[in-house]
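Have a look at the structure below before the remarks.
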Amino acid sequence: MAEPFGFGIEEEYFLVDAETKSVARGMPEAFFKAAKCALGDRITGEFLQSQIEVLTAPHRAMAEARTELEELRRSVASIAATHGLAILAAGTHPTAFWGRSRQTEGERYDAVMDDLQMIGRRNMLCGLHVHVELPDPNRRVDVMMRMLPYLPLFIALSTSSPFWQARRTGLKGYRLAAYDELPRTGLPELLRTQDDFDAYVAALVRARIIKDSSYIWWAIRPSHNHPTLELRAPDCCTRLPDSIAIAALYRALAHKLFHDPSLHANIDAIERAIIVENKWRAQRYGIEGTFADGRGNGAIPVSTMLDQVLGSIATDADALDCRAEAEQCREIIARGTSADAQLAIYAKHEAEGNDFALRVVTEWLAKETMR
């Protein structure tokens, strides 16, 4: 990424049977070869064969990123259809059972599975990752630390994982509850500088625990492969416009934090503990929840926090020409997230049986993924 505040988006999808919308146990080799031939490095396999990931090129314009993401969804879905498959964008698949999952072949995946054991096999989870390049890559750790108070907001806006193994979880965003079983996940520790981060990574590498920083899976991290700060907290959004809105909001916040080094510069253990609590509340209640305010103002609704954030980044969003897209986060609040829609559909059909209701939910997810 050659341009400051250039950005890229990665989405992970479930591969499902085109007719039943049940998760595919394995990825047909012919499908993956055809997808790689059509999309090249813009598509990769995931840890488990039932998942696929697409990656946009670096962009400066939100409209161009949206166009490419639409093309990626269409292209993957079109190729999948020729193999009796479809794609489904959500943090969890409502009826998938992790015990039936198959690991993708590869030296890295073999090593990770050997380390993680059952926890690795349970990783049937799909996220949205947003990369933003900063003018000075050595400041990524500083901006990462000061971005922490906003992570619960990104989680709340993206919730799309209310079901797990054919059961309601009671959470709007169950994905992170499962994902945080893995080591080196959750919120970053209170590291302040690039030197702090490098020392942490070096200690784990010397101990032969990890090979490099790509094995650190925090909710936000300095990317190992790109000169970017990578947001990893959100669920994969079923609705494509939600992905773009969240990416725009994150990009504008990165711009603001980079240009205002004093903002959230004094995060301490108490404030981090409050952020951890807010992360849980985002997972549990989504956009209908409230967050604890570390400044002594009690509880604030998610919608109020969004209003405050949008007001504070207006100038930054204008500078990046992404204000309209960031403002679309209000639409998420107004109509609800994917999780809200899934639960409403389930409730409408629950009297007809759990299996039937979940089938309707998965049908909606597949259709909405391609809308």
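Scheme for the structure tokens: letters A, B, ... for chains in order shown; per-chain residue numbers from 1; ligand numbers from 1 in order shown.
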Which residues are close to Gly40 (chain A), i.e. within 12 Å by only C-alpha atoms, leaving aside same-chain residues fewer than 6 positions away? Reply as a short mmCIF file (atom, residue, chain, number, x, y, z; two decimals) with C-alpha atoms, in the first residue's frame.
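Okay, part07.cif is ready:
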```
data_model
loop_
_atom_site.label_atom_id
_atom_site.label_comp_id
_atom_site.auth_asym_id
_atom_site.auth_seq_id
_atom_site.Cartn_x
_atom_site.Cartn_y
_atom_site.Cartn_z
CA PHE A 32 -10.54 -23.96 -5.36
CA LYS A 33 -8.46 -24.27 -8.54
CA ALA A 34 -11.14 -22.51 -10.57
CA VAL A 54 -11.44 -12.98 -0.18
CA LEU A 55 -9.11 -9.99 -0.11
CA THR A 56 -9.55 -6.70 -1.93
CA ALA A 57 -6.69 -4.79 -3.45
CA LEU A 72 -15.54 -10.86 -5.26
CA SER A 75 -17.34 -14.30 -8.61
CA VAL A 76 -16.87 -16.74 -5.74
#
```
>> Considering only C-alpha atoms, can you say which of A:Gly186, A:Pro234, A:Pro301, A:Pro222 comes closest to Ser161 (chain A)?
In response: A:Pro234
Could you make a table, as CSV, of the residues of region 275-324 of chain A that have an atom within 12 Å of an atom of region 3-15 of chain A, each with its nearest atom pair and distance in Å to one decimal, counting only C-alpha atoms, in chain and number order?
```
residue,atom,partner,partner_atom,distance
A:Asp316,CA,A:Phe5,CA,11.0
A:Ala317,CA,A:Phe5,CA,11.3
A:Ala319,CA,A:Phe5,CA,10.6
A:Leu320,CA,A:Phe5,CA,8.1
A:Asp321,CA,A:Phe5,CA,11.4
A:Cys322,CA,A:Phe5,CA,11.6
```
Save the residues we just selected, N, CA and C atoms, as a PDB file, in the first residue's frame?
```pdb
ATOM      1  N   ASP A 316     -12.170  14.193   9.802  1.00  0.00           N
ATOM      2  CA  ASP A 316     -11.279  13.141   9.300  1.00  0.00           C
ATOM      3  C   ASP A 316     -11.942  12.363   8.167  1.00  0.00           C
ATOM      4  N   ALA A 317     -13.222  12.044   8.338  1.00  0.00           N
ATOM      5  CA  ALA A 317     -13.938  11.322   7.284  1.00  0.00           C
ATOM      6  C   ALA A 317     -14.025  12.163   6.015  1.00  0.00           C
ATOM      7  N   ALA A 319     -11.814  14.379   5.089  1.00  0.00           N
ATOM      8  CA  ALA A 319     -10.466  14.397   4.515  1.00  0.00           C
ATOM      9  C   ALA A 319     -10.196  13.148   3.693  1.00  0.00           C
ATOM     10  N   LEU A 320     -10.814  12.033   4.095  1.00  0.00           N
ATOM     11  CA  LEU A 320     -10.623  10.763   3.394  1.00  0.00           C
ATOM     12  C   LEU A 320     -11.749  10.477   2.409  1.00  0.00           C
ATOM     13  N   ASP A 321     -12.703  11.392   2.293  1.00  0.00           N
ATOM     14  CA  ASP A 321     -13.850  11.237   1.401  1.00  0.00           C
ATOM     15  C   ASP A 321     -14.624   9.950   1.695  1.00  0.00           C
ATOM     16  N   CYS A 322     -14.858   9.709   2.981  1.00  0.00           N
ATOM     17  CA  CYS A 322     -15.608   8.492   3.345  1.00  0.00           C
ATOM     18  C   CYS A 322     -16.691   8.793   4.387  1.00  0.00           C
TER      19      CYS A 322
END
```
>> I'd like the contact shell of Ala77 (chain A) - 9 Å cut-off, only C-alpha atoms, skipping same-chain residues fewer than 4 positions apart - returned as a count of residues only.
In response: 8
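Across the structure, CA of Tyr285 (chain A) and CA of His131 (chain A) are spaced 26.2 Å apart.
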Would you give me, as an mmCIF file with N, CA and C atoms, in the first residue's frame, the residues in region 171-275 of chain A that DSSP reads as strand (DSSP E or B)?
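Below is the file states22.cif, written as the result:
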```cif
data_model
loop_
_atom_site.group_PDB
_atom_site.id
_atom_site.type_symbol
_atom_site.label_atom_id
_atom_site.label_comp_id
_atom_site.auth_asym_id
_atom_site.auth_seq_id
_atom_site.Cartn_x
_atom_site.Cartn_y
_atom_site.Cartn_z
ATOM 1 N N GLY A 173 -23.317 -11.831 19.281
ATOM 2 C CA GLY A 173 -22.050 -12.123 18.634
ATOM 3 C C GLY A 173 -21.309 -13.224 19.377
ATOM 4 N N ILE A 220 -7.189 -6.512 17.217
ATOM 5 C CA ILE A 220 -6.546 -5.511 16.368
ATOM 6 C C ILE A 220 -5.050 -5.738 16.514
ATOM 7 N N ARG A 221 -4.315 -5.629 15.406
ATOM 8 C CA ARG A 221 -2.887 -5.935 15.461
ATOM 9 C C ARG A 221 -2.141 -5.243 14.329
ATOM 10 N N PRO A 222 -0.840 -5.015 14.501
ATOM 11 C CA PRO A 222 -0.016 -4.619 13.351
ATOM 12 C C PRO A 222 0.103 -5.827 12.428
ATOM 13 N N THR A 228 0.242 -2.257 7.713
ATOM 14 C CA THR A 228 -1.078 -1.771 8.083
ATOM 15 C C THR A 228 -1.397 -2.102 9.532
ATOM 16 N N LEU A 229 -2.402 -1.408 10.039
ATOM 17 C CA LEU A 229 -3.013 -1.747 11.319
ATOM 18 C C LEU A 229 -4.315 -2.464 10.986
ATOM 19 N N GLU A 230 -4.431 -3.701 11.425
ATOM 20 C CA GLU A 230 -5.514 -4.585 10.992
ATOM 21 C C GLU A 230 -6.564 -4.762 12.078
ATOM 22 N N LEU A 231 -7.779 -4.321 11.776
ATOM 23 C CA LEU A 231 -8.933 -4.552 12.651
ATOM 24 C C LEU A 231 -9.468 -5.945 12.380
ATOM 25 N N ASP A 235 -17.463 -9.497 13.347
ATOM 26 C CA ASP A 235 -17.993 -10.649 12.623
ATOM 27 C C ASP A 235 -18.010 -10.319 11.136
#
```
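When only C-alpha atoms are used to measure the gap to Leu306 (chain A), the shortest distance among A:Thr369, A:Arg359, A:Ala254, A:Tyr150 belongs to A:Tyr150.
Considering the residues A:Leu125, A:Ala90, A:Val141, A:Ala166 and counting only C-alpha atoms, Asp355 (chain A) has its shortest atom-to-atom contact with A:Ala166.
For the choices A:Leu249, A:Ala30, A:Leu148, A:Leu134, the atom-to-atom distance to His264 (chain A) is smallest for A:Leu148 when using only C-alpha atoms.
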> Could you pull the residues within 12 Å of Pro261 (chain A), counting only C-alpha atoms, minus those fewer than 5 positions along the same chain, as a list in words?
Replying inline: Arg139, Arg140, Asp142, Val143, Met144, Met145, Arg146, Met147, Arg192, Ala254, His255, Lys256 and Asn266 of chain A
With N, CA and C atoms retained, write the just-selected residues as an mmCIF file, in the first residue's frame.
```cif
data_model
loop_
_atom_site.group_PDB
_atom_site.id
_atom_site.type_symbol
_atom_site.label_atom_id
_atom_site.label_comp_id
_atom_site.auth_asym_id
_atom_site.auth_seq_id
_atom_site.Cartn_x
_atom_site.Cartn_y
_atom_site.Cartn_z
ATOM 1 N N ARG A 139 4.266 3.792 14.080
ATOM 2 C CA ARG A 139 3.273 4.283 15.038
ATOM 3 C C ARG A 139 2.044 3.383 15.109
ATOM 4 N N ARG A 140 2.090 2.248 14.445
ATOM 5 C CA ARG A 140 0.921 1.377 14.441
ATOM 6 C C ARG A 140 0.564 0.883 15.844
ATOM 7 N N ASP A 142 1.162 2.364 18.718
ATOM 8 C CA ASP A 142 0.589 3.496 19.464
ATOM 9 C C ASP A 142 -0.877 3.710 19.095
ATOM 10 N N VAL A 143 -1.178 3.732 17.793
ATOM 11 C CA VAL A 143 -2.566 3.923 17.358
ATOM 12 C C VAL A 143 -3.424 2.726 17.761
ATOM 13 N N MET A 144 -2.868 1.534 17.686
ATOM 14 C CA MET A 144 -3.590 0.333 18.107
ATOM 15 C C MET A 144 -4.059 0.460 19.550
ATOM 16 N N MET A 145 -3.157 0.879 20.423
ATOM 17 C CA MET A 145 -3.513 0.979 21.837
ATOM 18 C C MET A 145 -4.616 2.012 22.047
ATOM 19 N N ARG A 146 -4.543 3.118 21.344
ATOM 20 C CA ARG A 146 -5.532 4.183 21.542
ATOM 21 C C ARG A 146 -6.839 3.919 20.792
ATOM 22 N N MET A 147 -6.847 2.879 19.957
ATOM 23 C CA MET A 147 -8.074 2.454 19.277
ATOM 24 C C MET A 147 -8.924 1.547 20.168
ATOM 25 N N ARG A 192 2.941 0.026 24.331
ATOM 26 C CA ARG A 192 2.880 1.435 23.934
ATOM 27 C C ARG A 192 3.601 1.747 22.634
ATOM 28 N N ALA A 254 -8.778 5.792 12.492
ATOM 29 C CA ALA A 254 -7.321 5.649 12.399
ATOM 30 C C ALA A 254 -6.684 6.983 12.012
ATOM 31 N N HIS A 255 -7.322 7.690 11.105
ATOM 32 C CA HIS A 255 -6.839 9.022 10.688
ATOM 33 C C HIS A 255 -6.840 9.990 11.866
ATOM 34 N N LYS A 256 -7.930 9.970 12.634
ATOM 35 C CA LYS A 256 -8.046 10.891 13.763
ATOM 36 C C LYS A 256 -6.997 10.588 14.833
ATOM 37 N N ASN A 266 -3.578 7.998 27.607
ATOM 38 C CA ASN A 266 -3.284 7.549 28.973
ATOM 39 C C ASN A 266 -4.105 6.333 29.391
#
```
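CA of Gly296 (chain A) lies 14.4 Å from CA of Ala273 (chain A).
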Give the alpha helix (DSSP H) residues of region 211-307 of chain A, as assigned by DSSP on the backbone, as a compact mmCIF listing (two decimals) with C-alpha atoms, in the first residue's frame.
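The result, written out as part_5.txt:
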```txt
# COMPACT_ATOMS: atom_id res chain seq x y z
CA LEU A 240 -22.09 -5.96 2.13
CA PRO A 241 -22.94 -2.28 2.83
CA ASP A 242 -22.33 -2.97 6.54
CA SER A 243 -18.78 -4.13 5.77
CA ILE A 244 -18.13 -0.90 3.86
CA ALA A 245 -19.64 1.27 6.60
CA ILE A 246 -17.53 -0.36 9.31
CA ALA A 247 -14.40 -0.09 7.16
CA ALA A 248 -15.05 3.63 6.61
CA LEU A 249 -15.61 4.24 10.32
CA TYR A 250 -12.39 2.42 11.22
CA ARG A 251 -10.39 4.25 8.57
CA ALA A 252 -11.60 7.66 9.75
CA LEU A 253 -10.83 6.76 13.38
CA ALA A 254 -7.32 5.65 12.40
CA HIS A 255 -6.84 9.02 10.69
CA LYS A 256 -8.05 10.89 13.76
CA LEU A 257 -5.92 8.95 16.24
CA PHE A 258 -2.82 9.29 14.09
CA HIS A 259 -3.19 13.06 13.84
CA ALA A 269 -5.25 -1.05 33.46
CA ILE A 270 -8.57 0.26 34.80
CA GLU A 271 -9.68 1.65 31.45
CA ARG A 272 -8.58 -1.52 29.67
CA ALA A 273 -10.66 -3.55 32.15
CA ILE A 274 -13.69 -1.38 31.31
CA ILE A 275 -13.07 -1.93 27.59
CA VAL A 276 -12.97 -5.70 28.19
CA GLU A 277 -16.34 -5.44 29.91
CA ASN A 278 -17.73 -3.39 27.02
CA LYS A 279 -16.43 -5.99 24.57
CA TRP A 280 -18.49 -8.61 26.38
CA ARG A 281 -21.56 -6.37 26.37
CA ALA A 282 -21.18 -5.87 22.62
CA GLN A 283 -21.04 -9.63 22.12
CA ARG A 284 -24.02 -10.23 24.40
CA TYR A 285 -26.38 -7.41 23.45
CA VAL A 302 -24.40 1.94 21.69
CA SER A 303 -26.35 4.36 19.49
CA THR A 304 -25.18 7.29 21.60
CA MET A 305 -21.57 6.20 21.38
CA LEU A 306 -21.89 5.93 17.62
CA ASP A 307 -23.33 9.45 17.43
```
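A straight line drawn from CA of Arg60 (chain A) to CA of Ala326 (chain A) is 14.4 Å long.
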>> Excluding region 363-368 of chain A and its own-chain neighbours fewer than 5 positions away, which residues fall within 7 Å of it when counting only C-alpha atoms? Please give them as an NGL selection string.
In response: :A and (21 or 87-89 or 238-239)
> What lies within 7 Å of region 332-336 of chain A using only C-alpha atoms, ignoring chain neighbours under 2 positions off, as a list in words?
Replying inline: Leu157, Ile287, Ser303, Gln328, Cys329, Arg330, Ser338, Asp340 and Ala341 of chain A
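Comparing A:Phe97, A:Phe154, A:Met62, A:Asp41 by their smallest distance to Arg323 (chain A), the closest is A:Met62 (using only C-alpha atoms).
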>> So that I can check the surroundings of Val23 (chain A), please list as a ChimeraX atom specification every protein, DNA and RNA residue that reaches within 8 Å of it, counting only C-alpha atoms and ignoring chain neighbours fewer than 2 positions away.
In response: /A:14-17,21,25,50,93,95-96
